[in-house]
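I have placed the structure first, in the form of structure tokens, so that the comments after it can refer back to it.
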2 protein chains.
Amino acid sequence: MTSSPVPGDRRPASRRIADELREQITRGDLPPGGRLPSERELARRYGTARNTAREALGILAAEGLVVAQHGRGVFVRTRPPLMRLGADRYSRQAREQTGLSPFRSEVTRQGRTPHAECRSITRIPAPAEVAERLGLPPDTLVVARENRYLADGQPVQVGITYIPVEVAAASPVATATNLGPGGIYARFEELGHRIAHIREEITARMPNPAETTGLAIPPGVPVLELLHTSYNPDHQPFEVTRLVLRADLNGLDYHIPINN
Amino acid sequence: MTSSPVPGDRRPASRRIADELREQITRGDLPPGGRLPSERELARRYGTARNTAREALGILAAEGLVVAQHGRGVFVRTRPPLMRLGADRYSRQAREQTGLSPFRSEVTRQGRTPHAECRSITRIPAPAEVAERLGLPPDTLVVARENRYLADGQPVQVGITYIPVEVAAASPVATATNLGPGGIYARFEELGHRIAHIREEITARMPNPAETTGLAIPPGVPVLELLHTSYNPDHQPFEVTRLVLRADLNGLDYHIPINN
DNA sequence: CAGTGGTCTAGACCACTCA
DNA sequence: GAGTGGTCTAGACCACTGT
């Protein structure tokens, strides 16, 4: 059980406690969903103050290994199945085969209930990165559609789509929160903007406070940030979307031909 | 400066201190590289115990906004330019134009000094995910090449490449730590395995302790994990690489054609 | 040396959960 | 009500950084 510290052990007590708990988690002695000893119990076992045991649990939480639940305990995190986003979500074929948007079909495939909502449609000056990718002068007005995607009522993705006003024009994408079958890309196609290729720029980082609350992200979980640009066959960009994904619930999966 | 807590403020003191410091950082009052007030100074200003001020700084550190330096202070994190990994790093053209591996050319483009090292070459049973992607039975022996990539002496990526023994055979990829001009993909091509397309599966998570030390990752910085599979023109997978990237130093950038 | 962050103690009160 | 995590205090000693 609780091994005494070896004489030569220079690790702080909190590190040592964290290391032993991590070991038990990775070995499987503490299975996903399992409860760890309470802070007070750990302090007793290791002969430390409660704060020291608490510090150890904080280390594991920051690593994303455990989650604390107020009044209940600290539990080994379970990894639910990942959403897998691929480039084929932009293909017309995928749209027409299912009649569903790619998000909806992926969620239903997992036996969960999808929900997508457009939270706002505004006209704003394009952020620098967006203007750059759309080939517009800085601060040009664009249509911004703010979306949120949920699975079983749990928010898993948020995104903002930026559309040049000339592209959106008087079409539904400039005004309608519900875009009908096939979603926004079907409407783009009706506007003469077929997707011929895309660019996806991907980074990962810790969520900011707005994302932490908006996506209900537990501590120790990063987000994937995806800056997506759609090009028509003439190599003209006509839409940029910034997606923020909970990294514990989402993965990306690309199949890419290589031109030698 | 230090605003007193509003009566209705239900935030814990540590949260409030963190929120005010974050505000100053995002506004630019505290510029990247700038030093925050010391823990003791914050405690004095806000009339709290040092631990409470320390807790506030811990919140910002976990968000990746600041880094503590022992004996020096706490500083606003600077974001160095990102490495941008794209699919074109696998193209023969890119190899032959520069004569450099994609990693080396990206780092030199940024005016930094690249270094890549093969840390080990072993024969091991393929991990389940790898065997699956190579179309091999579980635990089939494969050649595993462990690599580390540095820019200006700083480790930025680690990876393990898994190669079926029939593919590696008696070629240098099975034994040589230095693979010569064009790197491993030039050698694969000499073995008759030209890359026709690739699959890249991407997730993000917090680093485990081994990665934290091996990549010298500061707190609050996640990693990108990239599971890469190379296919030859016959749609046969011939190599899988698991790359782990410091997310604060690396981004991905894909250009993908869409087949409608 | 003074000042910084890193760790720790031994308490305390609060908010939440569950039987 | 008993047990849990969340927050906080007021100290202490250590390790590290600068001058």
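Ordered as shown in the structure tokens, chains take letters A, B, and onward, while each chain numbers its residues from 1 and ligands are numbered from 1 in the order shown.
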
List every residue of chain D that has an atom at most 8 Å from any atom of chain A, and for each one report the closest atom pair and its distance in Å to one decimal, counting only C-alpha atoms (C1' of nucleotides), with rows sorted by chain and then by increasing residue number, as CSV.
```
residue,atom,partner,partner_atom,distance
D:DG3,C1',A:Gly71,CA,7.8
D:DT4,C1',A:Gly71,CA,4.0
D:DG5,C1',A:His70,CA,4.7
D:DG6,C1',A:His70,CA,7.7
```

Give one line per residue of chain A that approaches chain B to at most 9 Å, naming the two atoms of the closest pair and their distance in Å to one decimal, counting only C-alpha atoms; sort by chain then ascending residue number and deliver it as JSON lines.
```
{"residue": "A:Ala62", "atom": "CA", "partner": "B:Ala62", "partner_atom": "CA", "distance": 7.3}
{"residue": "A:Glu63", "atom": "CA", "partner": "B:Met206", "partner_atom": "CA", "distance": 5.4}
{"residue": "A:Gly64", "atom": "CA", "partner": "B:Met206", "partner_atom": "CA", "distance": 6.4}
{"residue": "A:Arg84", "atom": "CA", "partner": "B:Glu201", "partner_atom": "CA", "distance": 8.6}
{"residue": "A:Ala87", "atom": "CA", "partner": "B:Ile258", "partner_atom": "CA", "distance": 7.4}
{"residue": "A:Asp88", "atom": "CA", "partner": "B:Ile258", "partner_atom": "CA", "distance": 7.2}
{"residue": "A:Tyr90", "atom": "CA", "partner": "B:Ile258", "partner_atom": "CA", "distance": 7.1}
{"residue": "A:Ser91", "atom": "CA", "partner": "B:Asn260", "partner_atom": "CA", "distance": 5.0}
{"residue": "A:Arg92", "atom": "CA", "partner": "B:Asn260", "partner_atom": "CA", "distance": 5.0}
{"residue": "A:Gln93", "atom": "CA", "partner": "B:Asn260", "partner_atom": "CA", "distance": 5.8}
{"residue": "A:Ala94", "atom": "CA", "partner": "B:Asn260", "partner_atom": "CA", "distance": 8.5}
{"residue": "A:Arg194", "atom": "CA", "partner": "B:Asn260", "partner_atom": "CA", "distance": 8.7}
{"residue": "A:Ile195", "atom": "CA", "partner": "B:Ile258", "partner_atom": "CA", "distance": 6.7}
{"residue": "A:Ala196", "atom": "CA", "partner": "B:Ile258", "partner_atom": "CA", "distance": 5.3}
{"residue": "A:His197", "atom": "CA", "partner": "B:Pro257", "partner_atom": "CA", "distance": 4.1}
{"residue": "A:Ile198", "atom": "CA", "partner": "B:Ile256", "partner_atom": "CA", "distance": 5.3}
{"residue": "A:Arg199", "atom": "CA", "partner": "B:His255", "partner_atom": "CA", "distance": 4.4}
{"residue": "A:Glu200", "atom": "CA", "partner": "B:Tyr254", "partner_atom": "CA", "distance": 5.1}
{"residue": "A:Glu201", "atom": "CA", "partner": "B:Asp253", "partner_atom": "CA", "distance": 4.4}
{"residue": "A:Ile202", "atom": "CA", "partner": "B:Leu252", "partner_atom": "CA", "distance": 4.9}
{"residue": "A:Thr203", "atom": "CA", "partner": "B:Gly251", "partner_atom": "CA", "distance": 4.9}
{"residue": "A:Ala204", "atom": "CA", "partner": "B:Ala247", "partner_atom": "CA", "distance": 5.5}
{"residue": "A:Arg205", "atom": "CA", "partner": "B:Pro222", "partner_atom": "CA", "distance": 6.0}
{"residue": "A:Met206", "atom": "CA", "partner": "B:Glu63", "partner_atom": "CA", "distance": 5.4}
{"residue": "A:Pro207", "atom": "CA", "partner": "B:Glu63", "partner_atom": "CA", "distance": 6.9}
{"residue": "A:Asn208", "atom": "CA", "partner": "B:Glu63", "partner_atom": "CA", "distance": 7.0}
{"residue": "A:Pro209", "atom": "CA", "partner": "B:Glu63", "partner_atom": "CA", "distance": 8.7}
{"residue": "A:Pro219", "atom": "CA", "partner": "B:Ala62", "partner_atom": "CA", "distance": 8.6}
{"residue": "A:Gly220", "atom": "CA", "partner": "B:Met206", "partner_atom": "CA", "distance": 6.7}
{"residue": "A:Val221", "atom": "CA", "partner": "B:Arg205", "partner_atom": "CA", "distance": 6.5}
{"residue": "A:Pro222", "atom": "CA", "partner": "B:Arg205", "partner_atom": "CA", "distance": 6.0}
{"residue": "A:Val223", "atom": "CA", "partner": "B:Ala204", "partner_atom": "CA", "distance": 7.2}
{"residue": "A:Leu224", "atom": "CA", "partner": "B:Ala204", "partner_atom": "CA", "distance": 6.6}
{"residue": "A:Ala247", "atom": "CA", "partner": "B:Ala204", "partner_atom": "CA", "distance": 5.5}
{"residue": "A:Asp248", "atom": "CA", "partner": "B:Arg205", "partner_atom": "CA", "distance": 7.2}
{"residue": "A:Asn250", "atom": "CA", "partner": "B:Thr203", "partner_atom": "CA", "distance": 7.2}
{"residue": "A:Gly251", "atom": "CA", "partner": "B:Thr203", "partner_atom": "CA", "distance": 4.9}
{"residue": "A:Leu252", "atom": "CA", "partner": "B:Ile202", "partner_atom": "CA", "distance": 4.9}
{"residue": "A:Asp253", "atom": "CA", "partner": "B:Glu201", "partner_atom": "CA", "distance": 4.4}
{"residue": "A:Tyr254", "atom": "CA", "partner": "B:Glu200", "partner_atom": "CA", "distance": 5.1}
{"residue": "A:His255", "atom": "CA", "partner": "B:Arg199", "partner_atom": "CA", "distance": 4.4}
{"residue": "A:Ile256", "atom": "CA", "partner": "B:Ile198", "partner_atom": "CA", "distance": 5.3}
{"residue": "A:Pro257", "atom": "CA", "partner": "B:His197", "partner_atom": "CA", "distance": 4.1}
{"residue": "A:Ile258", "atom": "CA", "partner": "B:His197", "partner_atom": "CA", "distance": 5.0}
{"residue": "A:Asn259", "atom": "CA", "partner": "B:Ser91", "partner_atom": "CA", "distance": 6.2}
{"residue": "A:Asn260", "atom": "CA", "partner": "B:Ser91", "partner_atom": "CA", "distance": 5.0}
```

Review point. Taking only C-alpha atoms (C1' of nucleotides) into account, what are the residues of chain A at most 9 Å from chain C, put as a PyMOL selection string?
Key: chain A and resi 12-14+48-52+70-72

**Study point:** Every residue of range 8-143 of chain A that DSSP places in strand (DSSP E), as a PyMOL selection string
**Key:** chain A and resi 66-69+73-76+83-86+114-125+141-143

Restricting it to N, CA and C atoms, dump the selection as a tab-separated table (two decimals), in the first residue's frame.
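That gives us part_2.tsv:
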```tsv
chain	number	residue	atom	x	y	z
A	66	VAL	N	-7.57	12.80	-13.68
A	66	VAL	CA	-8.67	12.66	-12.73
A	66	VAL	C	-9.53	13.91	-12.75
A	67	VAL	N	-10.74	13.79	-12.27
A	67	VAL	CA	-11.62	14.95	-12.10
A	67	VAL	C	-12.18	14.93	-10.69
A	68	ALA	N	-12.20	16.10	-10.07
A	68	ALA	CA	-12.77	16.22	-8.73
A	68	ALA	C	-14.24	16.54	-8.86
A	69	GLN	N	-15.04	15.96	-8.00
A	69	GLN	CA	-16.46	16.30	-7.95
A	69	GLN	C	-16.81	16.72	-6.53
A	73	GLY	N	-16.05	13.22	-4.43
A	73	GLY	CA	-14.74	12.59	-4.42
A	73	GLY	C	-13.96	12.94	-5.67
A	74	VAL	N	-12.82	12.28	-5.83
A	74	VAL	CA	-11.99	12.48	-7.01
A	74	VAL	C	-11.98	11.18	-7.79
A	75	PHE	N	-12.23	11.25	-9.09
A	75	PHE	CA	-12.45	10.04	-9.88
A	75	PHE	C	-11.51	9.98	-11.08
A	76	VAL	N	-11.14	8.77	-11.43
A	76	VAL	CA	-10.33	8.57	-12.63
A	76	VAL	C	-11.18	8.92	-13.84
A	83	MET	N	-15.32	12.04	-31.25
A	83	MET	CA	-15.88	12.47	-32.53
A	83	MET	C	-14.71	12.53	-33.52
A	84	ARG	N	-14.89	12.01	-34.68
A	84	ARG	CA	-13.81	12.06	-35.64
A	84	ARG	C	-14.20	12.96	-36.81
A	85	LEU	N	-13.56	14.09	-36.90
A	85	LEU	CA	-13.84	15.02	-37.98
A	85	LEU	C	-12.86	14.77	-39.12
A	86	GLY	N	-13.37	14.54	-40.30
A	86	GLY	CA	-12.52	14.35	-41.46
A	86	GLY	C	-12.86	15.36	-42.54
A	114	PRO	N	-27.70	14.34	-31.64
A	114	PRO	CA	-27.02	15.58	-32.02
A	114	PRO	C	-27.94	16.78	-31.88
A	115	HIS	N	-27.32	17.92	-31.67
A	115	HIS	CA	-28.07	19.17	-31.69
A	115	HIS	C	-27.12	20.27	-32.14
A	116	ALA	N	-27.52	21.03	-33.12
A	116	ALA	CA	-26.72	22.16	-33.58
A	116	ALA	C	-27.57	23.40	-33.53
A	117	GLU	N	-26.96	24.49	-33.08
A	117	GLU	CA	-27.75	25.71	-32.99
A	117	GLU	C	-26.90	26.89	-33.44
A	118	CYS	N	-27.55	27.79	-34.15
A	118	CYS	CA	-26.90	29.04	-34.51
A	118	CYS	C	-27.27	30.08	-33.47
A	119	ARG	N	-26.26	30.55	-32.77
A	119	ARG	CA	-26.53	31.42	-31.61
A	119	ARG	C	-26.61	32.88	-31.99
A	120	SER	N	-26.00	33.26	-33.09
A	120	SER	CA	-26.08	34.66	-33.51
A	120	SER	C	-25.61	34.80	-34.95
A	121	ILE	N	-26.16	35.80	-35.63
A	121	ILE	CA	-25.68	36.17	-36.96
A	121	ILE	C	-25.47	37.68	-36.94
A	122	THR	N	-24.25	38.10	-37.16
A	122	THR	CA	-23.94	39.53	-37.08
A	122	THR	C	-23.05	39.93	-38.25
A	123	ARG	N	-22.96	41.23	-38.44
A	123	ARG	CA	-21.98	41.76	-39.39
A	123	ARG	C	-20.91	42.47	-38.59
A	124	ILE	N	-19.69	41.98	-38.72
A	124	ILE	CA	-18.59	42.54	-37.93
A	124	ILE	C	-17.37	42.72	-38.83
A	125	PRO	N	-16.44	43.57	-38.41
A	125	PRO	CA	-15.17	43.66	-39.15
A	125	PRO	C	-14.42	42.35	-39.01
A	141	LEU	N	-16.15	44.41	-43.50
A	141	LEU	CA	-17.32	43.80	-42.86
A	141	LEU	C	-17.58	42.42	-43.44
A	142	VAL	N	-17.86	41.47	-42.57
A	142	VAL	CA	-18.24	40.13	-43.00
A	142	VAL	C	-19.43	39.66	-42.18
A	143	VAL	N	-20.13	38.67	-42.69
A	143	VAL	CA	-21.20	38.03	-41.93
A	143	VAL	C	-20.57	37.00	-41.01
```

Check your understanding: So which residues of range 34-211 of chain B fall under alpha helix (DSSP H) by DSSP, listed as an MDAnalysis selection string?
Key -> chainID B and resid 39:46 50:62 92:98 102:109 128:134 165:168 183:190 209:211

What does the file look like for those residues with C-alpha atoms, as a short mmCIF file (atom, residue, chain, number, x, y, z; two decimals), in the first residue's frame?
```
data_model
loop_
_atom_site.label_atom_id
_atom_site.label_comp_id
_atom_site.auth_asym_id
_atom_site.auth_seq_id
_atom_site.Cartn_x
_atom_site.Cartn_y
_atom_site.Cartn_z
CA GLU B 39 3.29 36.38 -4.77
CA ARG B 40 4.06 38.35 -1.62
CA GLU B 41 3.32 41.63 -3.35
CA LEU B 42 -0.04 40.37 -4.61
CA ALA B 43 -0.91 39.07 -1.16
CA ARG B 44 -0.11 42.48 0.31
CA ARG B 45 -2.11 44.36 -2.34
CA TYR B 46 -5.19 42.20 -2.01
CA ARG B 50 0.44 34.41 0.22
CA ASN B 51 -1.06 31.02 -0.61
CA THR B 52 -4.15 32.69 -1.99
CA ALA B 53 -2.13 34.91 -4.30
CA ARG B 54 -0.11 31.88 -5.26
CA GLU B 55 -3.28 30.02 -6.11
CA ALA B 56 -4.29 32.86 -8.43
CA LEU B 57 -0.98 32.60 -10.28
CA GLY B 58 -1.48 28.85 -10.49
CA ILE B 59 -4.76 29.39 -12.32
CA LEU B 60 -3.05 31.53 -14.94
CA ALA B 61 -0.21 29.04 -15.25
CA ALA B 62 -2.67 26.20 -15.87
CA ARG B 92 9.11 14.03 -53.26
CA GLN B 93 9.26 17.45 -54.78
CA ALA B 94 9.73 19.14 -51.41
CA ARG B 95 12.45 16.65 -50.56
CA GLU B 96 14.35 17.19 -53.76
CA GLN B 97 14.00 20.95 -53.99
CA THR B 98 15.69 21.62 -50.69
CA PRO B 102 10.77 18.84 -44.09
CA PHE B 103 11.61 19.48 -40.46
CA ARG B 104 15.02 20.91 -41.30
CA SER B 105 13.71 23.21 -44.00
CA GLU B 106 10.91 24.56 -41.80
CA VAL B 107 13.31 25.31 -38.94
CA THR B 108 15.93 26.96 -41.17
CA ARG B 109 13.16 29.00 -42.78
CA ALA B 128 -2.57 -2.42 -31.07
CA GLU B 129 -3.34 0.86 -32.85
CA VAL B 130 -0.28 0.52 -35.01
CA ALA B 131 -0.87 -3.11 -35.97
CA GLU B 132 -4.44 -2.21 -36.89
CA ARG B 133 -3.32 0.57 -39.22
CA LEU B 134 -0.59 -1.54 -40.81
CA VAL B 165 9.92 -6.05 -40.95
CA GLU B 166 9.22 -7.14 -44.52
CA VAL B 167 9.27 -3.51 -45.60
CA ALA B 168 12.41 -2.58 -43.68
CA GLY B 183 15.56 11.23 -44.90
CA ILE B 184 13.49 8.14 -44.33
CA TYR B 185 10.94 8.80 -47.07
CA ALA B 186 13.66 8.90 -49.71
CA ARG B 187 14.81 5.49 -48.45
CA PHE B 188 11.26 4.16 -48.52
CA GLU B 189 10.97 5.24 -52.12
CA GLU B 190 14.16 3.34 -52.96
CA PRO B 209 5.40 12.90 -17.19
CA ALA B 210 7.81 11.33 -19.69
CA GLU B 211 6.81 13.82 -22.36
#
```
